[in-house]
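Peer 1: Pasting protein33.txt here (compact mmCIF, C-alpha atoms):
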```txt
# COMPACT_ATOMS: atom_id res chain seq x y z
CA ASP A 436 -9.27 -19.37 0.42
CA GLN A 437 -9.55 -18.22 4.04
CA PRO A 438 -7.21 -20.81 5.67
CA ARG A 439 -4.41 -19.87 3.27
CA LEU A 440 -5.04 -16.16 3.87
CA ASP A 441 -4.90 -16.74 7.62
CA ALA A 442 -1.63 -18.61 7.22
CA TYR A 443 -0.19 -15.73 5.23
CA PHE A 444 -1.07 -13.28 7.99
CA ASP A 445 0.31 -15.59 10.68
CA GLU A 446 3.58 -16.18 8.83
CA VAL A 447 4.21 -12.79 7.22
CA VAL A 448 1.99 -9.88 8.18
CA ILE A 449 1.90 -10.26 11.96
CA PRO A 450 5.63 -11.07 12.45
CA PHE A 451 6.57 -8.23 10.12
CA ALA A 452 4.35 -5.76 11.97
CA ARG A 453 5.78 -6.83 15.32
CA ASP A 454 9.36 -6.56 14.14
CA ARG A 455 8.79 -3.05 12.82
CA VAL A 456 7.21 -1.64 15.97
CA GLU A 457 9.63 0.66 17.78
CA GLU A 458 9.21 2.71 20.91
CA LYS A 459 8.08 6.22 20.04
CA ILE A 460 9.68 9.17 21.82
CA SER A 461 9.12 12.92 21.83
CA VAL A 462 12.01 14.96 20.53
CA GLY A 463 12.25 18.68 21.27
CA VAL A 464 14.74 21.44 21.99
CA GLU A 465 15.43 20.10 25.49
CA ASN A 466 16.44 16.55 24.54
CA ALA A 467 17.53 16.81 20.90
CA SER A 468 21.24 16.75 21.70
CA GLU A 469 20.82 13.72 23.95
CA VAL A 470 18.87 11.82 21.29
CA ILE A 471 21.51 12.57 18.66
CA ALA A 472 24.29 11.45 20.97
CA LYS A 473 22.58 8.14 21.68
CA SER A 474 21.57 7.36 18.10
CA GLU A 475 23.89 5.28 15.98
CA CYS A 476 23.66 3.89 12.48
CA SER A 477 22.88 0.23 12.84
CA ALA A 478 26.16 -1.64 12.74
CA ASP A 479 24.83 -5.15 12.35
CA SER A 480 26.17 -7.14 9.43
CA TRP A 481 22.80 -7.06 7.66
CA THR A 482 22.78 -3.25 7.50
CA VAL A 483 26.44 -3.12 6.52
CA ARG A 484 25.73 -5.38 3.58
CA ILE A 485 22.79 -3.18 2.56
CA LEU A 486 25.03 -0.10 2.57
CA GLU A 487 27.61 -1.80 0.33
CA ALA A 488 25.26 -1.82 -2.68
CA ASP A 489 26.01 -0.15 -6.00
CA ARG A 490 22.59 1.49 -5.92
CA LYS A 491 20.15 2.49 -3.22
CA VAL A 492 17.18 1.53 -5.39
CA VAL A 493 16.85 -0.56 -8.53
CA ILE A 494 13.47 -0.61 -10.25
CA VAL A 495 12.70 -3.54 -12.52
CA GLY A 496 10.13 -2.48 -15.11
CA GLY A 497 9.67 0.55 -17.34
CA GLY A 498 5.91 1.09 -17.48
CA PRO A 499 3.90 3.73 -15.60
CA ALA A 500 4.51 2.00 -12.25
CA GLY A 501 8.28 1.72 -12.67
CA LEU A 502 8.77 5.19 -14.11
CA THR A 503 6.58 6.87 -11.48
CA ALA A 504 8.54 5.02 -8.80
CA ALA A 505 11.71 6.32 -10.45
CA LEU A 506 10.38 9.88 -10.39
CA TYR A 507 9.56 9.75 -6.68
CA ALA A 508 12.78 7.96 -5.78
CA ALA A 509 14.85 10.44 -7.79
CA ARG A 510 13.22 13.43 -6.09
CA ALA A 511 14.16 11.79 -2.78
CA GLU A 512 17.81 11.84 -3.91
CA LEU A 513 17.99 8.05 -4.16
CA ALA A 514 19.43 8.08 -7.70
CA PRO A 515 17.36 5.09 -8.84
CA LEU A 516 18.26 2.81 -11.72
CA VAL A 517 15.40 1.58 -13.92
CA VAL A 518 16.08 -1.65 -15.79
CA ALA A 519 13.54 -2.43 -18.49
CA LYS A 520 13.45 -3.59 -22.08
CA ASP A 521 10.21 -1.80 -22.98
CA GLY A 522 7.36 0.35 -21.72
CA GLY A 523 5.09 -2.53 -20.77
CA GLN A 524 1.48 -2.93 -21.85
CA LEU A 525 1.25 0.68 -23.03
CA GLU A 526 3.14 -0.42 -26.09
CA SER A 527 0.20 -2.61 -27.12
CA THR A 528 -2.02 0.43 -27.59
CA THR A 529 -1.65 3.58 -29.64
CA TRP A 530 -3.65 6.35 -28.00
CA ILE A 531 -4.60 6.99 -24.36
CA ASP A 532 -7.55 9.19 -23.43
CA ASN A 533 -7.92 8.36 -19.74
CA PHE A 534 -4.57 9.37 -18.27
CA PRO A 535 -5.03 12.53 -16.16
CA GLY A 536 -3.53 15.76 -17.42
CA PHE A 537 -3.96 15.14 -21.14
CA GLU A 538 -7.29 16.69 -22.07
CA GLU A 539 -6.82 15.84 -25.74
CA GLY A 540 -5.37 12.39 -25.06
CA VAL A 541 -1.77 11.30 -25.57
CA ASP A 542 0.11 8.86 -27.77
CA ALA A 543 1.14 5.82 -25.70
CA VAL A 544 4.79 5.96 -26.76
CA GLU A 545 4.90 9.68 -26.07
CA LEU A 546 3.51 9.11 -22.57
CA VAL A 547 6.27 6.62 -21.79
CA GLN A 548 8.89 9.01 -23.15
CA ARG A 549 7.52 11.86 -21.07
CA LEU A 550 7.58 9.75 -17.94
CA GLU A 551 11.18 8.75 -18.69
CA LYS A 552 12.31 12.35 -19.24
CA GLN A 553 10.56 13.53 -16.09
CA ALA A 554 12.30 10.87 -13.99
CA GLU A 555 15.67 11.53 -15.65
CA ARG A 556 15.32 15.24 -14.96
CA PHE A 557 15.65 14.50 -11.24
CA GLY A 558 18.51 12.05 -11.56
CA ALA A 559 17.01 8.68 -12.41
CA GLU A 560 18.98 6.49 -14.80
CA ILE A 561 17.25 4.23 -17.29
CA LYS A 562 18.95 1.15 -18.69
CA ASN A 563 17.20 -0.39 -21.70
CA CYS A 564 17.87 -4.04 -21.07
CA GLY A 565 16.03 -7.17 -20.10
CA VAL A 566 16.70 -8.83 -16.75
CA ARG A 567 18.21 -12.31 -16.74
CA SER A 568 18.00 -13.03 -13.01
CA VAL A 569 17.36 -11.45 -9.62
CA ASP A 570 18.95 -12.82 -6.43
CA LEU A 571 17.05 -11.92 -3.27
CA ASN A 572 18.85 -14.47 -1.10
CA CYS A 573 21.80 -12.21 -0.42
CA ARG A 574 22.21 -8.58 0.55
CA PRO A 575 22.64 -6.34 -1.23
CA PHE A 576 20.25 -7.72 -3.83
CA ARG A 577 21.76 -8.71 -7.18
CA VAL A 578 20.19 -7.91 -10.54
CA GLU A 579 21.79 -9.45 -13.61
CA CYS A 580 20.97 -7.86 -16.95
CA GLU A 581 20.84 -9.72 -20.23
CA ASP A 582 23.99 -7.93 -21.37
CA GLY A 583 25.89 -9.52 -18.47
CA GLU A 584 26.11 -6.47 -16.22
CA VAL A 585 25.40 -7.17 -12.54
CA VAL A 586 24.04 -4.40 -10.31
CA THR A 587 23.61 -4.63 -6.56
CA SER A 588 20.90 -2.69 -4.78
CA SER A 589 19.91 -1.87 -1.22
CA ALA A 590 16.21 -1.91 -2.08
CA LEU A 591 14.30 -3.30 -5.03
CA ILE A 592 11.00 -2.24 -6.60
CA VAL A 593 9.29 -4.87 -8.76
CA ALA A 594 7.24 -3.20 -11.46
CA THR A 595 7.33 -5.87 -14.15
CA GLY A 596 3.61 -5.69 -14.90
CA ALA A 597 1.48 -8.38 -16.46
CA SER A 598 1.00 -9.63 -20.00
CA PRO A 599 -2.33 -10.41 -21.65
CA ARG A 600 -3.08 -13.98 -22.63
CA TRP A 601 -3.57 -14.38 -26.35
CA LEU A 602 -5.43 -16.90 -28.49
CA ASP A 603 -2.32 -17.36 -30.67
CA VAL A 604 -4.26 -17.73 -33.90
CA PRO A 605 -3.43 -16.24 -37.32
CA GLY A 606 -3.79 -12.49 -37.64
CA GLU A 607 -4.19 -11.80 -33.93
CA ARG A 608 -0.83 -10.11 -33.32
CA ASP A 609 -0.94 -8.41 -36.75
CA PHE A 610 -3.87 -6.25 -35.69
CA VAL A 611 -2.89 -5.40 -32.13
CA ALA A 612 -3.93 -1.76 -31.56
CA LYS A 613 -5.45 -1.88 -35.05
CA GLY A 614 -8.74 -3.41 -34.02
CA VAL A 615 -7.47 -6.09 -31.65
CA HIS A 616 -7.26 -5.03 -27.99
CA THR A 617 -7.22 -6.47 -24.49
CA CYS A 618 -8.69 -3.59 -22.46
CA ALA A 619 -12.16 -2.22 -23.16
CA THR A 620 -11.76 0.50 -20.54
CA CYS A 621 -8.63 1.70 -22.32
CA ASP A 622 -9.63 1.40 -25.97
CA GLY A 623 -13.38 0.84 -26.14
CA TYR A 624 -14.17 4.52 -26.60
CA PHE A 625 -12.62 4.42 -30.08
CA TYR A 626 -15.50 2.18 -31.20
CA ARG A 627 -18.51 4.25 -30.23
CA GLU A 628 -21.62 3.27 -32.18
CA LYS A 629 -19.74 0.38 -33.82
CA HIS A 630 -19.74 -3.41 -33.56
CA ALA A 631 -17.26 -4.94 -31.11
CA ALA A 632 -16.58 -8.56 -30.23
CA VAL A 633 -15.36 -9.86 -26.89
CA VAL A 634 -13.64 -13.23 -26.63
CA GLY A 635 -13.85 -15.04 -23.30
CA GLY A 636 -16.20 -16.47 -20.70
CA GLY A 637 -14.96 -15.28 -17.32
CA ASP A 638 -15.65 -12.19 -15.24
CA THR A 639 -13.16 -10.14 -17.25
CA ALA A 640 -15.02 -10.90 -20.47
CA MET A 641 -18.37 -10.07 -18.84
CA GLU A 642 -17.04 -6.75 -17.54
CA GLN A 643 -15.63 -5.81 -20.92
CA ALA A 644 -18.80 -6.78 -22.77
CA LEU A 645 -20.95 -4.74 -20.38
CA PHE A 646 -18.64 -1.76 -20.65
CA LEU A 647 -18.67 -1.88 -24.45
CA ALA A 648 -22.45 -2.25 -24.51
CA ARG A 649 -22.72 1.26 -23.08
CA ILE A 650 -20.90 2.83 -26.01
CA CYS A 651 -21.05 0.42 -28.95
CA GLU A 652 -23.98 -0.16 -31.26
CA ARG A 653 -23.78 -3.88 -30.50
CA VAL A 654 -21.49 -6.39 -28.84
CA THR A 655 -20.92 -10.04 -29.73
CA LEU A 656 -19.51 -12.24 -26.98
CA VAL A 657 -17.67 -15.28 -28.35
CA HIS A 658 -17.22 -18.12 -25.87
CA ARG A 659 -15.73 -21.53 -26.59
CA GLY A 660 -17.77 -23.32 -23.92
CA ASP A 661 -21.46 -23.85 -23.30
CA THR A 662 -21.37 -22.34 -19.80
CA PHE A 663 -19.72 -19.20 -18.44
CA ARG A 664 -16.94 -19.32 -15.87
CA ALA A 665 -18.05 -15.91 -14.63
CA SER A 666 -20.01 -15.22 -11.47
CA LYS A 667 -23.76 -15.72 -11.68
CA ALA A 668 -24.43 -12.01 -11.20
CA MET A 669 -22.12 -10.93 -14.02
CA ALA A 670 -23.33 -13.65 -16.38
CA THR A 671 -26.97 -12.76 -15.74
CA ARG A 672 -26.34 -9.10 -16.56
CA VAL A 673 -24.73 -10.07 -19.85
CA LEU A 674 -27.46 -12.51 -20.84
CA LYS A 675 -30.18 -9.96 -20.13
CA HIS A 676 -28.51 -7.09 -21.95
CA PRO A 677 -30.32 -6.28 -25.19
CA LYS A 678 -27.17 -5.14 -27.02
CA ILE A 679 -25.08 -8.25 -26.27
CA LEU A 680 -25.31 -11.41 -28.38
CA VAL A 681 -23.63 -14.55 -27.04
CA LEU A 682 -22.16 -17.11 -29.42
CA TRP A 683 -21.82 -20.35 -27.44
CA SER A 684 -19.39 -23.18 -28.18
CA THR A 685 -17.58 -21.03 -30.72
CA VAL A 686 -13.86 -20.42 -31.16
CA VAL A 687 -11.99 -17.75 -33.08
CA THR A 688 -9.60 -19.38 -35.54
CA ALA A 689 -8.36 -16.27 -37.34
CA PHE A 690 -8.47 -12.48 -37.33
CA LEU A 691 -9.14 -11.19 -40.83
CA PRO A 692 -8.25 -7.85 -42.42
CA SER A 693 -10.76 -5.21 -43.40
CA GLU A 694 -11.52 -5.14 -47.12
CA SER A 695 -11.46 -1.33 -47.17
CA SER A 696 -8.40 -1.00 -44.92
CA PRO A 697 -6.24 -4.16 -45.00
CA ALA A 698 -3.98 -2.91 -42.19
CA ARG A 699 -6.92 -3.04 -39.76
CA LEU A 700 -9.12 -5.80 -38.38
CA GLY A 701 -12.29 -6.40 -40.37
CA ALA A 702 -13.71 -9.76 -39.30
CA LEU A 703 -13.32 -12.91 -37.22
CA HIS A 704 -13.25 -16.41 -38.63
CA LEU A 705 -15.32 -18.60 -36.31
CA VAL A 706 -15.77 -22.34 -35.92
CA THR A 707 -18.64 -23.75 -33.91
CA LYS A 708 -18.89 -26.98 -31.96
CA ASP A 709 -20.44 -28.76 -34.92
CA THR A 710 -17.44 -27.61 -37.05
CA SER A 711 -19.45 -25.15 -39.11
CA HIS A 712 -17.47 -22.13 -40.30
CA THR A 713 -18.58 -18.52 -40.43
CA VAL A 714 -17.11 -15.05 -40.83
CA LEU A 715 -18.24 -12.35 -38.39
CA PRO A 716 -17.62 -8.76 -39.54
CA VAL A 717 -16.50 -6.59 -36.61
CA ASP A 718 -14.89 -3.21 -36.06
CA ALA A 719 -12.94 -4.40 -33.02
CA ALA A 720 -12.21 -7.52 -31.01
CA PHE A 721 -11.27 -7.55 -27.34
CA VAL A 722 -9.42 -10.65 -26.21
CA ALA A 723 -10.49 -11.09 -22.59
CA ILE A 724 -9.08 -14.44 -21.52
CA GLY A 725 -6.97 -13.09 -18.68
CA HIS A 726 -3.42 -11.96 -17.94
CA HIS A 727 -0.34 -13.57 -16.48
CA PRO A 728 1.92 -11.49 -14.22
CA ASN A 729 5.57 -11.15 -15.20
CA THR A 730 6.87 -12.46 -11.89
CA ARG A 731 8.83 -15.58 -12.85
CA LEU A 732 12.09 -13.81 -11.87
CA PHE A 733 10.92 -13.65 -8.26
CA PRO A 734 10.21 -17.16 -6.94
CA ASP A 735 11.22 -16.06 -3.42
CA LEU A 736 8.36 -13.56 -3.24
CA LYS A 737 5.00 -14.80 -2.01
CA GLN A 738 2.49 -15.04 -4.85
CA ASN A 739 -1.13 -16.00 -5.18
CA ASP A 740 -2.29 -18.97 -7.25
CA ASN A 741 -2.12 -16.88 -10.41
CA GLY A 742 1.38 -15.56 -9.77
CA TYR A 743 0.53 -12.04 -8.59
CA LEU A 744 2.71 -10.76 -5.76
CA TYR A 745 1.34 -10.42 -2.27
CA THR A 746 1.98 -7.15 -0.44
CA LEU A 747 1.15 -6.05 3.06
CA PRO A 748 -2.22 -4.30 3.42
CA ARG A 749 -1.98 -0.59 2.56
CA SER A 750 1.65 -1.06 1.57
CA SER A 751 3.87 -2.16 -1.29
CA GLN A 752 6.09 -4.26 0.99
CA THR A 753 6.48 -7.89 -0.09
CA ASN A 754 7.42 -10.77 2.19
CA VAL A 755 11.13 -9.95 1.69
CA ALA A 756 12.17 -6.85 3.61
CA GLY A 757 13.44 -4.18 1.25
CA VAL A 758 11.57 -5.53 -1.77
CA PHE A 759 8.49 -3.62 -2.88
CA ALA A 760 5.94 -4.33 -5.61
CA ALA A 761 4.01 -1.91 -7.80
CA GLY A 762 1.70 -1.95 -10.79
CA ASP A 763 0.12 -4.97 -12.40
CA SER A 764 2.64 -7.39 -10.92
CA GLN A 765 0.60 -7.12 -7.71
CA ASP A 766 -2.74 -5.88 -9.05
CA ASP A 767 -5.04 -8.34 -10.80
CA LYS A 768 -8.14 -6.18 -10.36
CA TYR A 769 -7.79 -2.64 -11.73
CA MET A 770 -4.87 -2.90 -14.18
CA GLN A 771 -4.93 0.68 -15.45
CA ALA A 772 -2.02 2.97 -16.30
CA VAL A 773 -3.11 5.52 -13.72
CA THR A 774 -3.49 2.97 -10.91
CA ALA A 775 -0.10 1.51 -11.82
CA ALA A 776 1.44 4.97 -11.62
CA ALA A 777 -0.15 5.56 -8.22
CA SER A 778 1.19 2.27 -6.85
CA GLY A 779 4.63 3.18 -8.23
CA ALA A 780 4.60 6.34 -6.13
CA ILE A 781 3.60 4.28 -3.08
CA ALA A 782 6.42 1.81 -3.66
CA ALA A 783 9.00 4.59 -3.91
CA LEU A 784 7.75 6.21 -0.71
CA ASP A 785 7.84 2.87 1.10
CA ALA A 786 11.35 2.16 -0.20
CA GLU A 787 12.58 5.60 0.87
CA ARG A 788 11.27 5.13 4.41
CA TRP A 789 12.75 1.64 4.65
CA LEU A 790 16.15 2.88 3.48
CA CYS A 791 16.05 5.74 5.99
CA GLU A 792 15.42 3.22 8.75
CA HIS A 793 18.56 1.36 7.71
CA GLY A 794 20.90 4.30 7.43
CA CYS A 795 20.92 4.60 3.63
```
Could you write out this file's structure as structure tokens?
Peer 2:
Amino acid sequence: DQPRLDAYFDEVVIPFARDRVEEKISVGVENASEVIAKSECSADSWTVRILEADRKVVIVGGGPAGLTAALYAARAELAPLVVAKDGGQLESTTWIDNFPGFEEGVDAVELVQRLEKQAERFGAEIKNCGVRSVDLNCRPFRVECEDGEVVTSSALIVATGASPRWLDVPGERDFVAKGVHTCATCDGYFYREKHAAVVGGGDTAMEQALFLARICERVTLVHRGDTFRASKAMATRVLKHPKILVLWSTVVTAFLPSESSPARLGALHLVTKDTSHTVLPVDAAFVAIGHHPNTRLFPDLKQNDNGYLYTLPRSSQTNVAGVFAAGDSQDDKYMQAVTAAASGAIAALDAERWLCEHGC
């Protein structure tokens, strides 16, 4: 709400902006020697501790945001280390048609591998390991991996992404990327002229249902309640759409295989409020009950009520100087591979400039 937003600006944004403002001077042939003679690397204990790090930049997360940050940081000669146990949400899909530069589409695993190789080509190092803890209370920052290795870093880029919320009912995980999805924008195109179901009752579910209604033959929206949590405008659009059928007070209790292709989703087992059971044949089901950001390792970073990291406007800087956020860990709106990659580039550029200011 507005009071909390105002407090955030008062406590973080304005003080940070004031602290960063430095007197600007003009440097030319006539005074260059004088400027060089007067300039010194900051010798305060804070900067000394920053310079003592094992790495200039450690990136936590190996999805498009983290790997793009690694690419940009590596090209800036920062020799970044990427610590990640997987490629993030891309691993929950099989084929990607909307990542620029691949006119025929690209396999999700191949895209991650290409991003890794591109970053490694310029000197990035990738460590396939989960992160046990991150200490931002000391400088340099400390990152402890699950294998026990501890790495210190001058700057840190958080690119841990977000994870979809699941129903946790039988069959759901068995058919992930085989009929069960969480992103209509990403995977809806595969179901043109087919029947898709959307599970949820918030704005995300409304958006996905409306998107699918443009390309699918029909869409069934399954909602456990008798009222939507979505905004009135979004709910009205869904209710008026001729291709969308809403099943109220209905829950999905199981995802069932296709009779013709048992490895793929074929139907949903539904239970209504009056405990009647039914089977709904579908070609795809999109679970749209939200995401939770993977930010539990960073309690010292300011987060919104849902756990997404706050950053300064038009910046990736968090409330801890030297810590930057990219990708879905700070984006609860767009959540696309391409927008994550773009924010990764921004985070690397911000980190590079911050390190330059501190003599790294």
Peer 1: Counting only C-alpha atoms, which of A:Asp542, A:Asp638, A:Glu694, A:Asp785 gets nearest to Ile592 (chain A)?
Peer 2: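 Selected residue with least distance to Ile592 (chain A): A:Asp785.
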Peer 1: Have a look at CA of Ala632 (chain A) and CA of Val714 (chain A) and let me know their distance in Å, one decimal.
Peer 2: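 CA of Val714 (chain A) lies at a distance of 12.4 Å from CA of Ala632 (chain A).
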Peer 1: Produce the centre coordinates and the three edge lengths, each in Å to one decimal, of the box along x, y and z that contains all listed atoms of region 542-552 of chain A with 3 Å added on each side, as lines of an AutoDock Vina configuration file.
Peer 2:
```
center_x = 6.2
center_y = 9.1
center_z = -22.9
size_x = 18.2
size_y = 12.5
size_z = 15.8
```
Peer 1: Can you measure CA of Ser711 (chain A) to CA of Ser684 (chain A) for me? One decimal in Å is fine.
Peer 2: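 Pair CA of Ser711 (chain A) / CA of Ser684 (chain A) returns 11.1 Å.
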Peer 1: For a test of reading the model, state the distance in Å between CA of His630 (chain A) and CA of Thr710 (chain A), rounded to one decimal.
Peer 2: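 Separation of CA of His630 (chain A) and CA of Thr710 (chain A): 24.6 Å.
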Peer 1: For a quick check of understanding, using all atoms listed in the file, which of A:Asp532, A:Glu551, A:Glu628, A:Glu539 has the smallest distance to Gly498 (chain A)?
Peer 2: A:Glu551
Peer 1: Using all atoms listed in the file, determine which residues lie at most 10 Å from Trp601 (chain A), disregarding the query and same-chain residues fewer than 4 positions distant; provide the list as a PDB file with C-alpha atoms, in the frame of the given file.
Peer 2:
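Final file, out_22.pdb:
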```pdb
ATOM      1  CA  GLU A 607      -4.190 -11.800 -33.930  1.00  0.00           C
ATOM      2  CA  ARG A 608      -0.830 -10.110 -33.320  1.00  0.00           C
ATOM      3  CA  THR A 617      -7.220  -6.470 -24.490  1.00  0.00           C
ATOM      4  CA  VAL A 722      -9.420 -10.650 -26.210  1.00  0.00           C
ATOM      5  CA  ALA A 723     -10.490 -11.090 -22.590  1.00  0.00           C
ATOM      6  CA  ILE A 724      -9.080 -14.440 -21.520  1.00  0.00           C
ATOM      7  CA  GLY A 725      -6.970 -13.090 -18.680  1.00  0.00           C
ATOM      8  CA  HIS A 726      -3.420 -11.960 -17.940  1.00  0.00           C
TER       9      HIS A 726
END
```
Peer 1: Tell me which of A:Arg649, A:His727, A:Arg556, A:Arg788 sits closest to Ser750 (chain A), counting all atoms listed in the file.
Peer 2: A:Arg788
Peer 1: Within 10 Å of Gly757 (chain A), counting all atoms listed in the file, which residues show up once you throw out same-chain ones fewer than 2 positions away? Write them as a list in words, please.
Peer 2: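 Residues meeting the cut-off are Ile485, Val492, Leu571, Arg574, Pro575, Phe576, Ser588, Ser589, Ala590, Leu591, Ile592, Gln752, Thr753, Asn754, Val755, Phe759, Asp785, Ala786, Glu787, Trp789, Leu790 and His793 of chain A.
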Peer 1: Residues within 12 Å of Ile650 (chain A), please, as a list in words. Count all atoms listed in the file; anything in the same chain fewer than 6 positions from it doesn't count.
Peer 2: Ala619, Thr620, Asp622, Gly623, Tyr624, Phe625, Tyr626, Arg627, Glu628, Lys629, His630, Ala631, Gln643, Ala644, Lys678 and Ile679 of chain A
Peer 1: Taking all atoms listed in the file into account, name the residue in A:Asn729, A:Thr528, A:Ser778, A:Thr713 that is nearest to Phe610 (chain A).
Peer 2: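 Ranked by minimum distance to Phe610 (chain A), first place goes to A:Thr528.
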Peer 1: Tell me which of A:Cys573, A:Ala640, A:Leu691, A:Val495 sits closest to Val673 (chain A), counting only C-alpha atoms.
Peer 2: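 Going through A:Cys573, A:Ala640, A:Leu691, A:Val495 one by one, the smallest distance to Val673 (chain A) is for A:Ala640.
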Peer 1: At most 12 Å is the cut-off: for each residue in region 531-618 of chain A with any atom that close to an atom of region 499-516 of chain A, write down the nearest atom pair and the distance in Å rounded to one decimal, counting all atoms listed in the file, chain first then increasing number, as a tab-separated table.
Peer 2:
```
residue	atom	partner	partner_atom	distance
A:Phe534	CA	A:Pro499	CA	10.5
A:Ala543	CA	A:Pro499	CA	10.7
A:Val544	CA	A:Pro499	CA	11.4
A:Leu546	CA	A:Pro499	CA	8.8
A:Val547	CA	A:Pro499	CA	7.2
A:Gln548	CA	A:Leu502	CA	9.8
A:Arg549	CA	A:Leu502	CA	9.7
A:Leu550	CA	A:Leu502	CA	6.1
A:Glu551	CA	A:Leu502	CA	6.3
A:Lys552	CA	A:Leu506	CA	9.4
A:Gln553	CA	A:Leu506	CA	6.8
A:Ala554	CA	A:Leu506	CA	4.2
A:Glu555	CA	A:Leu506	CA	7.6
A:Arg556	CA	A:Leu506	CA	8.6
A:Phe557	CA	A:Ala509	CA	5.4
A:Gly558	CA	A:Ala509	CA	5.5
A:Ala559	CA	A:Pro515	CA	5.1
A:Glu560	CA	A:Leu516	CA	4.9
A:Ile561	CA	A:Leu516	CA	5.8
A:Lys562	CA	A:Leu516	CA	7.2
A:Asn563	CA	A:Leu516	CA	10.5
A:Cys564	CA	A:Leu516	CA	11.6
A:Val578	CA	A:Leu516	CA	11.0
A:Val586	CA	A:Leu516	CA	9.3
A:Thr587	CA	A:Leu516	CA	10.5
A:Ser588	CA	A:Leu516	CA	9.2
A:Ser589	CA	A:Leu513	CA	10.5
A:Ala590	CA	A:Pro515	CA	9.8
A:Leu591	CA	A:Pro515	CA	9.7
A:Ile592	CA	A:Gly501	CA	7.7
A:Val593	CA	A:Gly501	CA	7.7
A:Ala594	CA	A:Gly501	CA	5.2
A:Thr595	CA	A:Gly501	CA	7.8
A:Gly596	CA	A:Ala500	CA	8.2
A:Ala597	CA	A:Ala500	CA	11.6
```
Peer 1: With only C-alpha atoms as the atoms that count, which of A:Gly742, A:Ala761, A:Asn533, A:Gly522 lies nearest to Glu545 (chain A)?
Peer 2: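 When distances to Glu545 (chain A) are compared using only C-alpha atoms, the smallest one comes from A:Gly522.
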